$ cat query04.cif   # mmCIF, C-alpha atoms (C1' of nucleotides)
data_entry
loop_
_atom_site.label_atom_id
_atom_site.label_comp_id
_atom_site.auth_asym_id
_atom_site.auth_seq_id
_atom_site.Cartn_x
_atom_site.Cartn_y
_atom_site.Cartn_z
CA MET A 1 95.89 96.60 93.72
CA LEU A 2 98.26 98.30 96.11
CA ARG A 3 98.33 101.19 93.77
CA LEU A 4 100.22 104.39 93.71
CA SER A 5 98.18 107.32 92.46
CA LYS A 6 98.60 108.41 88.88
CA LEU A 7 100.00 111.68 90.10
CA THR A 8 102.87 109.81 91.69
CA ASP A 9 103.40 107.81 88.57
CA TYR A 10 103.56 111.02 86.57
CA GLY A 11 105.93 112.53 89.09
CA VAL A 12 108.41 109.71 88.72
CA LEU A 13 108.00 109.77 84.96
CA LEU A 14 108.64 113.49 84.72
CA MET A 15 111.63 113.43 87.00
CA THR A 16 113.05 110.41 85.26
CA HIS A 17 112.74 112.27 82.01
CA MET A 18 114.65 115.17 83.48
CA ALA A 19 117.26 112.79 84.84
CA ALA A 20 117.72 111.05 81.51
CA SER A 21 118.53 114.07 79.40
CA ASP A 22 120.77 116.57 81.05
CA SER A 23 119.70 119.84 79.56
CA GLY A 24 119.23 122.34 82.33
CA THR A 25 115.64 123.37 82.78
CA TYR A 26 112.37 122.22 81.31
CA SER A 27 109.18 124.21 81.10
CA ALA A 28 105.97 122.46 82.01
CA VAL A 29 104.95 122.73 78.37
CA ALA A 30 108.10 121.01 77.15
CA LEU A 31 107.68 118.18 79.64
CA ALA A 32 104.05 117.74 78.74
CA GLU A 33 104.97 117.35 75.10
CA ALA A 34 107.82 115.00 75.79
CA THR A 35 105.88 112.71 78.10
CA ARG A 36 102.38 113.03 76.60
CA VAL A 37 100.96 113.85 79.98
CA PRO A 38 98.32 116.62 79.81
CA LEU A 39 99.80 120.03 80.54
CA PRO A 40 97.63 121.07 83.50
CA THR A 41 98.45 117.82 85.19
CA VAL A 42 102.15 118.17 84.54
CA SER A 43 101.91 121.62 86.00
CA LYS A 44 100.15 120.38 89.09
CA VAL A 45 102.66 117.66 89.76
CA LEU A 46 105.66 119.91 89.30
CA LYS A 47 104.21 122.43 91.71
CA LEU A 48 103.86 119.75 94.33
CA LEU A 49 107.36 118.50 93.71
CA SER A 50 108.81 121.96 93.97
CA ARG A 51 107.16 122.65 97.33
CA GLN A 52 109.17 119.86 98.86
CA ARG A 53 112.28 120.93 97.00
CA LEU A 54 112.60 117.86 94.85
CA VAL A 55 112.73 120.14 91.84
CA GLU A 56 113.77 123.75 91.63
CA SER A 57 111.63 126.21 89.78
CA ILE A 58 112.70 129.26 87.86
CA ARG A 59 110.04 131.79 87.05
CA GLY A 60 109.74 134.10 84.12
CA PRO A 61 110.77 133.76 80.49
CA ARG A 62 113.25 130.94 79.88
CA GLY A 63 112.26 129.59 83.26
CA GLY A 64 111.06 126.12 84.11
CA TYR A 65 111.97 123.26 86.37
CA ARG A 66 115.11 121.27 87.06
CA LEU A 67 116.09 118.56 89.48
CA ALA A 68 117.11 119.94 92.85
CA ARG A 69 119.86 117.34 93.23
CA SER A 70 121.73 114.91 91.05
CA PRO A 71 119.63 111.92 89.94
CA ALA A 72 121.71 109.56 92.03
CA ARG A 73 120.79 111.49 95.13
CA ILE A 74 117.02 111.46 94.64
CA THR A 75 115.14 108.29 95.50
CA VAL A 76 111.81 107.09 94.21
CA GLY A 77 110.74 106.87 97.82
CA GLU A 78 111.11 110.61 98.22
CA ILE A 79 108.90 111.24 95.24
CA VAL A 80 106.28 108.82 96.50
CA ARG A 81 106.45 110.39 99.92
CA CYS A 82 105.99 113.85 98.44
CA LEU A 83 103.03 113.03 96.22
CA GLU A 84 101.25 110.45 98.37
CA GLY A 85 101.88 112.24 101.63
CA GLY A 86 103.64 109.34 103.26
CA ILE A 87 104.26 105.66 102.83
CA ALA A 88 101.90 103.59 104.94
CA LEU A 89 100.06 100.52 103.78
CA THR A 90 97.46 100.62 106.52
CA GLU A 91 96.00 103.29 108.74
CA CYS A 92 97.61 101.91 111.83
CA SER A 93 101.10 101.95 110.42
CA ARG A 94 101.17 105.68 109.95
CA ASP A 95 103.31 107.51 112.42
CA ASP A 96 100.43 109.63 113.66
CA ALA A 97 98.02 106.74 113.63
CA GLU A 98 95.16 106.57 116.02
CA CYS A 99 93.23 103.46 115.16
CA GLU A 100 90.07 102.99 117.15
CA GLN A 101 90.40 99.25 116.77
CA ALA A 102 93.93 99.20 118.17
CA PRO A 103 92.87 97.53 121.43
CA PHE A 104 91.50 94.57 119.50
CA CYS A 105 94.28 94.48 116.95
CA VAL A 106 97.12 92.04 117.36
CA SER A 107 99.02 92.74 114.20
CA GLY A 108 100.21 96.32 114.52
CA ASN A 109 103.82 95.38 114.85
CA GLY A 110 103.73 93.23 111.77
CA TRP A 111 102.40 96.04 109.64
CA LYS A 112 105.07 98.37 110.91
CA ARG A 113 107.68 95.90 109.79
CA ILE A 114 106.13 95.47 106.39
CA ASN A 115 105.98 99.19 105.90
CA ALA A 116 109.59 99.55 106.86
CA ALA A 117 110.49 97.00 104.23
CA VAL A 118 108.51 98.81 101.56
CA ARG A 119 109.99 102.14 102.52
CA ASP A 120 113.39 100.59 102.39
CA ALA A 121 112.76 99.19 98.93
CA LEU A 122 111.58 102.53 97.64
CA GLY A 123 114.43 104.38 99.31
CA THR A 124 116.92 102.14 97.61
CA ILE A 125 116.13 103.04 94.02
CA SER A 126 117.38 106.38 92.75
CA LEU A 127 116.28 108.39 89.77
CA ALA A 128 119.55 107.51 88.16
CA ASP A 129 118.53 103.86 88.40
CA MET A 130 115.15 104.58 86.89
CA ALA A 131 116.70 106.46 84.01
CA GLU A 132 119.01 103.56 83.23
CA PRO A 133 116.78 101.57 80.87
CA ASP A 134 117.94 98.09 81.75
CA PHE A 135 119.71 98.28 85.03
CA MET A 136 119.78 94.92 86.69
CA PRO A 137 119.62 93.46 90.19
CA PHE A 138 120.33 96.28 92.57
CA PHE A 139 119.56 94.59 95.79
CA ARG A 140 118.56 91.29 97.20
CA LEU A 141 116.48 90.31 100.15
CA GLN A 142 118.24 88.16 102.64
CA ARG A 143 115.69 86.22 104.57
CA THR A 144 116.19 85.16 108.11
CA ILE A 145 112.97 83.24 108.37
CA GLN A 146 111.98 80.41 106.20
CA VAL A 147 109.37 81.05 103.59
CA THR A 148 107.55 77.92 102.72
CA GLU A 149 105.04 79.21 100.22
CA GLU A 150 105.95 81.45 97.35
CA LEU A 151 103.60 83.86 95.64
CA SER A 152 102.98 82.35 92.26
CA MET B 1 99.36 107.15 100.63
CA LEU B 2 100.28 103.87 99.02
CA ARG B 3 97.31 102.38 100.69
CA LEU B 4 95.95 98.94 100.86
CA SER B 5 92.18 98.83 100.78
CA LYS B 6 90.32 98.41 104.03
CA LEU B 7 89.08 95.06 102.82
CA THR B 8 92.63 93.81 102.69
CA ASP B 9 93.32 95.22 106.10
CA TYR B 10 90.29 93.38 107.42
CA GLY B 11 91.37 90.22 105.69
CA VAL B 12 94.72 90.21 107.41
CA LEU B 13 93.11 91.11 110.71
CA LEU B 14 90.59 88.30 110.50
CA MET B 15 93.10 85.71 109.46
CA THR B 16 95.56 86.84 112.10
CA HIS B 17 92.84 86.42 114.66
CA MET B 18 92.23 82.90 113.46
CA ALA B 19 95.95 82.23 113.56
CA ALA B 20 96.31 83.55 117.09
CA SER B 21 93.74 81.37 118.77
CA ASP B 22 93.68 77.82 117.61
CA SER B 23 90.10 76.81 118.03
CA GLY B 24 88.94 75.08 114.90
CA THR B 25 86.36 77.05 113.00
CA TYR B 26 84.89 80.51 113.39
CA SER B 27 81.55 81.68 112.13
CA ALA B 28 81.39 85.07 110.45
CA VAL B 29 79.32 86.27 113.41
CA ALA B 30 81.92 85.19 115.93
CA LEU B 31 84.72 86.88 113.99
CA ALA B 32 82.71 90.06 113.62
CA GLU B 33 82.19 90.22 117.38
CA ALA B 34 85.80 89.45 118.15
CA THR B 35 87.27 91.99 115.75
CA ARG B 36 84.55 94.68 115.83
CA VAL B 37 84.35 94.66 112.06
CA PRO B 38 80.75 94.90 110.79
CA LEU B 39 79.28 91.50 110.05
CA PRO B 40 78.34 91.97 106.39
CA THR B 41 81.86 93.15 105.70
CA VAL B 42 83.41 90.23 107.54
CA SER B 43 81.20 87.99 105.51
CA LYS B 44 82.27 89.58 102.25
CA VAL B 45 85.95 89.32 103.01
CA LEU B 46 85.75 85.70 104.08
CA LYS B 47 83.90 84.78 100.92
CA LEU B 48 86.67 86.30 98.86
CA LEU B 49 89.34 84.57 100.89
CA SER B 50 87.62 81.24 100.55
CA ARG B 51 87.39 81.47 96.77
CA GLN B 52 91.15 81.49 96.56
CA ARG B 53 91.40 78.78 99.16
CA LEU B 54 93.12 80.84 101.80
CA VAL B 55 90.40 79.79 104.21
CA GLU B 56 88.19 76.75 104.12
CA SER B 57 84.49 77.10 104.64
CA ILE B 58 82.11 74.68 106.27
CA ARG B 59 78.44 75.22 105.63
CA GLY B 60 75.50 74.48 107.79
CA PRO B 61 75.01 74.55 111.55
CA ARG B 62 78.28 74.55 113.48
CA GLY B 63 79.96 75.58 110.26
CA GLY B 64 82.22 78.56 109.69
CA TYR B 65 85.69 79.28 108.43
CA ARG B 66 89.16 78.08 109.25
CA LEU B 67 92.62 78.66 107.85
CA ALA B 68 93.34 76.45 104.88
CA ARG B 69 96.95 75.98 105.95
CA SER B 70 99.05 76.47 109.04
CA PRO B 71 99.73 80.14 109.86
CA ALA B 72 103.41 79.73 109.11
CA ARG B 73 102.55 78.70 105.58
CA ILE B 74 100.32 81.62 104.70
CA THR B 75 101.96 84.91 103.80
CA VAL B 76 100.54 88.40 104.03
CA GLY B 77 101.41 88.74 100.37
CA GLU B 78 98.96 86.02 99.47
CA ILE B 79 96.18 87.78 101.32
CA VAL B 80 96.99 91.07 99.66
CA ARG B 81 97.12 89.39 96.31
CA CYS B 82 93.75 87.78 96.89
CA LEU B 83 91.94 90.89 98.03
CA GLU B 84 93.64 93.52 95.88
CA GLY B 85 93.80 91.37 92.80
CA GLY B 86 97.55 91.57 92.43
CA ILE B 87 100.49 93.55 93.69
CA ALA B 88 101.46 96.27 91.27
CA LEU B 89 102.34 99.80 92.20
CA THR B 90 101.81 101.19 88.73
CA GLU B 91 99.76 100.20 85.72
CA CYS B 92 102.79 99.34 83.69
CA SER B 93 104.19 96.93 86.22
CA ARG B 94 101.27 94.58 86.03
CA ASP B 95 101.97 91.39 84.22
CA ASP B 96 99.25 91.96 81.67
CA ALA B 97 100.04 95.63 81.33
CA GLU B 98 99.41 97.46 78.13
CA CYS B 99 100.35 101.04 78.78
CA GLU B 100 99.69 103.36 75.89
CA GLN B 101 102.53 105.56 77.02
CA ALA B 102 105.03 102.72 77.02
CA PRO B 103 106.85 103.97 73.91
CA PHE B 104 107.64 107.22 75.70
CA CYS B 105 108.33 105.65 79.05
CA VAL B 106 111.87 104.97 80.11
CA SER B 107 111.27 103.69 83.58
CA GLY B 108 109.38 100.47 83.12
CA ASN B 109 112.22 98.32 84.25
CA GLY B 110 112.70 100.30 87.41
CA TRP B 111 109.08 99.86 88.42
CA LYS B 112 109.29 96.15 87.81
CA ARG B 113 112.19 95.98 90.21
CA ILE B 114 110.43 98.01 92.84
CA ASN B 115 107.39 95.82 92.60
CA ALA B 116 109.48 92.73 92.94
CA ALA B 117 110.96 94.14 96.12
CA VAL B 118 107.55 94.92 97.56
CA ARG B 119 106.21 91.52 96.62
CA ASP B 120 109.24 89.98 98.23
CA ALA B 121 108.69 91.93 101.42
CA LEU B 122 105.06 90.89 101.61
CA GLY B 123 105.86 87.31 100.76
CA THR B 124 108.33 87.14 103.61
CA ILE B 125 105.91 87.76 106.45
CA SER B 126 103.65 84.91 107.47
CA LEU B 127 100.47 84.96 109.45
CA ALA B 128 102.38 83.31 112.25
CA ASP B 129 104.62 86.36 112.31
CA MET B 130 101.68 88.71 112.39
CA ALA B 131 100.09 86.81 115.24
CA GLU B 132 103.26 87.04 117.29
CA PRO B 133 102.61 90.35 119.04
CA ASP B 134 106.16 91.60 119.31
CA PHE B 135 108.17 89.59 116.91
CA MET B 136 111.32 91.42 116.05
CA PRO B 137 113.59 91.85 113.05
CA PHE B 138 112.65 89.13 110.67
CA PHE B 139 114.68 90.24 107.76
CA ARG B 140 117.11 92.85 106.73
CA LEU B 141 117.75 94.55 103.45
CA GLN B 142 121.24 94.18 102.18
CA ARG B 143 121.96 96.95 99.80
CA THR B 144 124.32 96.59 96.92
CA ILE B 145 124.11 100.17 95.80
CA GLN B 146 124.94 103.15 97.85
CA VAL B 147 122.06 105.22 99.12
CA THR B 148 123.13 108.75 99.68
CA GLU B 149 119.90 110.29 100.83
CA GLU B 150 117.73 108.75 103.45
CA LEU B 151 114.03 109.24 103.78
CA SER B 152 113.58 111.33 106.86
"C1'" DC C 1 61.97 65.09 106.04
"C1'" DT C 2 61.67 69.46 108.07
"C1'" DT C 3 63.79 73.23 110.25
"C1'" DA C 4 67.43 76.17 111.71
"C1'" DT C 5 72.02 77.69 110.83
"C1'" DA C 6 75.55 79.22 108.09
"C1'" DT C 7 78.01 80.14 103.75
"C1'" DA C 8 77.81 81.49 98.24
"C1'" DG C 9 76.84 84.54 94.83
"C1'" DT C 10 75.53 88.75 93.04
"C1'" DA C 11 73.72 93.20 92.51
"C1'" DC C 12 73.11 97.71 94.15
"C1'" DT C 13 73.76 102.20 96.76
"C1'" DA C 14 76.38 105.56 98.96
"C1'" DA C 15 80.55 107.56 100.29
"C1'" DA C 16 85.18 108.81 99.69
"C1'" DT C 17 89.03 109.56 96.93
"C1'" DT C 18 91.44 111.00 92.92
"C1'" DA C 19 92.05 113.12 88.54
"C1'" DG C 20 91.81 116.78 85.93
"C1'" DT C 21 90.82 121.69 84.81
"C1'" DC C 22 90.62 126.59 85.36
"C1'" DC C 23 91.44 131.16 87.14
"C1'" DC C 24 94.02 134.68 89.09
"C1'" DA C 25 98.33 136.12 91.46
"C1'" DT C 26 103.35 136.66 91.34
"C1'" DA C 27 107.91 136.86 89.48
"C1'" DA C 28 111.40 137.97 86.03
"C1'" DG C 29 113.62 138.94 81.48
"C1'" DG C 30 113.88 141.80 77.43
"C1'" DC D 1 105.52 147.33 80.61
"C1'" DC D 2 104.51 143.35 78.14
"C1'" DT D 3 105.25 138.54 77.61
"C1'" DT D 4 106.46 134.16 79.52
"C1'" DA D 5 106.40 131.09 83.06
"C1'" DT D 6 105.47 129.30 87.79
"C1'" DG D 7 102.44 129.49 92.53
"C1'" DG D 8 98.27 128.79 94.89
"C1'" DG D 9 93.85 127.46 95.43
"C1'" DA D 10 89.22 126.16 94.26
"C1'" DC D 11 86.10 123.52 91.78
"C1'" DT D 12 84.00 119.60 88.94
"C1'" DA D 13 83.77 115.14 87.19
"C1'" DA D 14 85.03 110.53 87.21
"C1'" DT D 15 86.45 106.51 89.34
"C1'" DT D 16 86.99 103.49 93.01
"C1'" DT D 17 85.86 101.48 97.30
"C1'" DA D 18 82.98 100.38 101.15
"C1'" DG D 19 79.15 98.72 102.82
"C1'" DT D 20 74.51 96.49 102.53
"C1'" DA D 21 70.82 93.55 101.09
"C1'" DC D 22 68.70 89.76 98.97
"C1'" DT D 23 68.29 85.14 97.26
"C1'" DA D 24 70.21 80.48 96.71
"C1'" DT D 25 72.50 76.42 98.47
"C1'" DA D 26 74.36 73.20 101.73
"C1'" DT D 27 74.21 70.50 106.04
"C1'" DA D 28 73.47 69.01 110.78
"C1'" DA D 29 70.07 67.78 114.15
"C1'" DG D 30 65.82 66.35 115.82
#
$ encode --input "query04.cif" --output "structure tokens"
Amino acid sequence: MLRLSKLTDYGVLLMTHMAASDSGTYSAVALAEATRVPLPTVSKVLKLLSRQRLVESIRGPRGGYRLARSPARITVGEIVRCLEGGIALTECSRDDAECEQAPFCVSGNGWKRINAAVRDALGTISLADMAEPDFMPFFRLQRTIQVTEELS
Amino acid sequence: MLRLSKLTDYGVLLMTHMAASDSGTYSAVALAEATRVPLPTVSKVLKLLSRQRLVESIRGPRGGYRLARSPARITVGEIVRCLEGGIALTECSRDDAECEQAPFCVSGNGWKRINAAVRDALGTISLADMAEPDFMPFFRLQRTIQVTEELS
DNA sequence: CTTATATAGTACTAAATTAGTCCCATAAGG
DNA sequence: CCTTATGGGACTAATTTAGTACTATATAAG
């Protein structure tokens, strides 16, 4: 289903929550309660996010996590990239790809293009957008080829 | 890694192969040999594709499969949709979604938008594009919000 | 009308991935 | 120095996906 992992979903949820209310830091416990995501899982996700400096962590009493940058300067794509380890729809469109079927494959270039489009889409939406409950059209695809069949 | 399943990858590969050379019909055996994908798997994928009328099947001797429409009129998005059962990055962005956490979730709208963008990207590339080995920029994102951080 | 070829459907097994949990180490404030 | 909170890593269970096999059905050719 072209799915993101639940971890990624949680990551976006947690960070959106932090973006929405602007109190400084949140402990893992507080976020778990607010979002209803199980505590150990919240903890795991925040650790991963902090390694790549998407959130800052403060240890010790009164510690916790906070966004490393302003919500407008953090994109959903960065979170996906952090928690999924990259954005690549197929093996062969990864940067370090070595597909054994490459010699027989004619569509490598197409996949690269599709991936670029997806990356672009994800890089376009910021946490600030996500936190805005009913933000409207933020971008539009301008097609330069004719599409004759629409997905229903 | 925001992956498509291998089945979907195979599906696009097989159909691209059919789009590239314009002989009429291909048996599952012939496609398996040409693409180096194991026969039973080729068979499985083609069955799925034929149920949704993306390929036509002809039974009996000298039978096989052929594209149901011209390559320019079949999009990668349709193939993904057929083999993944929909295009939805998160549970809550499916059309029939019933997410138990919805009351606590503030980002539903954002996900819907992201999904729309991805669907749009996939719906923009046709099989004819994929079969063209080095087709170049086929569309361009025009942003209406400012992106301040780029994905590296 | 019989036989060979090829798809249709479905069920099952095995492998890989992902989710979730737990434990111990480290840091810092009071 | 004790309590609170994150950091790292390892482990288990659950889910998903891939791949295979088997039986049924259709059709062309001789």
$ interface_residues --input "query04.cif" --of "chain C" --to "chain B" --cutoff "12 Å" --atoms "all atoms listed in the file" --output "PDB file with C-alpha atoms (C1' of nucleotides), in the frame of the given file"
ATOM      1  C1'  DT C   3      63.790  73.230 110.250  1.00  0.00           C
ATOM      2  C1'  DA C   4      67.430  76.170 111.710  1.00  0.00           C
ATOM      3  C1'  DT C   5      72.020  77.690 110.830  1.00  0.00           C
ATOM      4  C1'  DA C   6      75.550  79.220 108.090  1.00  0.00           C
ATOM      5  C1'  DT C   7      78.010  80.140 103.750  1.00  0.00           C
ATOM      6  C1'  DA C   8      77.810  81.490  98.240  1.00  0.00           C
ATOM      7  C1'  DG C   9      76.840  84.540  94.830  1.00  0.00           C
ATOM      8  C1'  DT C  10      75.530  88.750  93.040  1.00  0.00           C
ATOM      9  C1'  DT C  17      89.030 109.560  96.930  1.00  0.00           C
ATOM     10  C1'  DT C  18      91.440 111.000  92.920  1.00  0.00           C
TER      11       DT C  18
END
$ resolve_selection --input "query04.cif" --expression "the PyMOL selection byres ((chain D) within 7 of (chain A))" --output "JSON, numbers by chain"
{"D": [4, 5, 6]}
$ atom_distance --input "query04.cif" --atom1 "atom CA of Leu49 of chain A" --atom2 "atom CA of Ala34 of chain A"
18.3 Å
$ closest_residue --input "query04.cif" --among "B:Thr16, B:Gly11, B:Ala30, B:Pro38" --to "chain A" --atoms "only C-alpha atoms"
B:Thr16
$ atom_distance --input "query04.cif" --atom1 "atom CA of Leu13 of chain A" --atom2 "atom CA of Ala121 of chain A"
18.2 Å
$ atom_distance --input "query04.cif" --atom1 "atom CA of Leu67 of chain A" --atom2 "atom CA of Lys6 of chain A"
20.2 Å
$ closest_residue --input "query04.cif" --among "B:Lys44, B:Lys112, B:Arg3, B:Arg69" --to "chain A" --atoms "only C-alpha atoms"
B:Arg3
$ closest_residue --input "query04.cif" --among "A:Pro40, A:Gly123, A:Ala117, A:Asn109" --to "DT21 of chain C" --atoms "only C-alpha atoms (C1' of nucleotides)"
A:Pro40
$ residues_around --input "query04.cif" --residues "segment 77-85 of chain A" --least-positions-apart "2" --cutoff "6 Å" --atoms "all atoms listed in the file" --output "list of chain:residue names"
A:Thr8, A:Thr75, A:Ile87, A:Leu122, A:Gly123, B:Met1
$ closest_residue --input "query04.cif" --among "A:Arg119, A:Gly110, A:Met15, A:Gln52" --to "chain B" --atoms "all atoms listed in the file"
A:Gly110
$ resolve_selection --input "query04.cif" --expression "the PyMOL selection byres ((chain C and resi 14) around 9)" --output "number ranges by chain"
C: 13, 15; D: 18-19
$ resolve_selection --input "query04.cif" --expression "the PyMOL selection byres ((chain C and resi 22) around 10)" --output "PyMOL selection string"
(chain A and resi 40) or (chain C and resi 20-21+23-24) or (chain D and resi 10-11)
$ axis_aligned_box --input "query04.cif" --around "segment 4-21 of chain D" --padding-each-side "3 Å" --output "JSON"
{"center_x": 88.6, "center_y": 113.9, "center_z": 91.2, "size_x": 41.6, "size_y": 46.6, "size_z": 29.3}
$ closest_residue --input "query04.cif" --among "C:DA11, C:DC1, C:DA27, C:DA19" --to "DT15 of chain D" --atoms "only C-alpha atoms (C1' of nucleotides)"
C:DA19
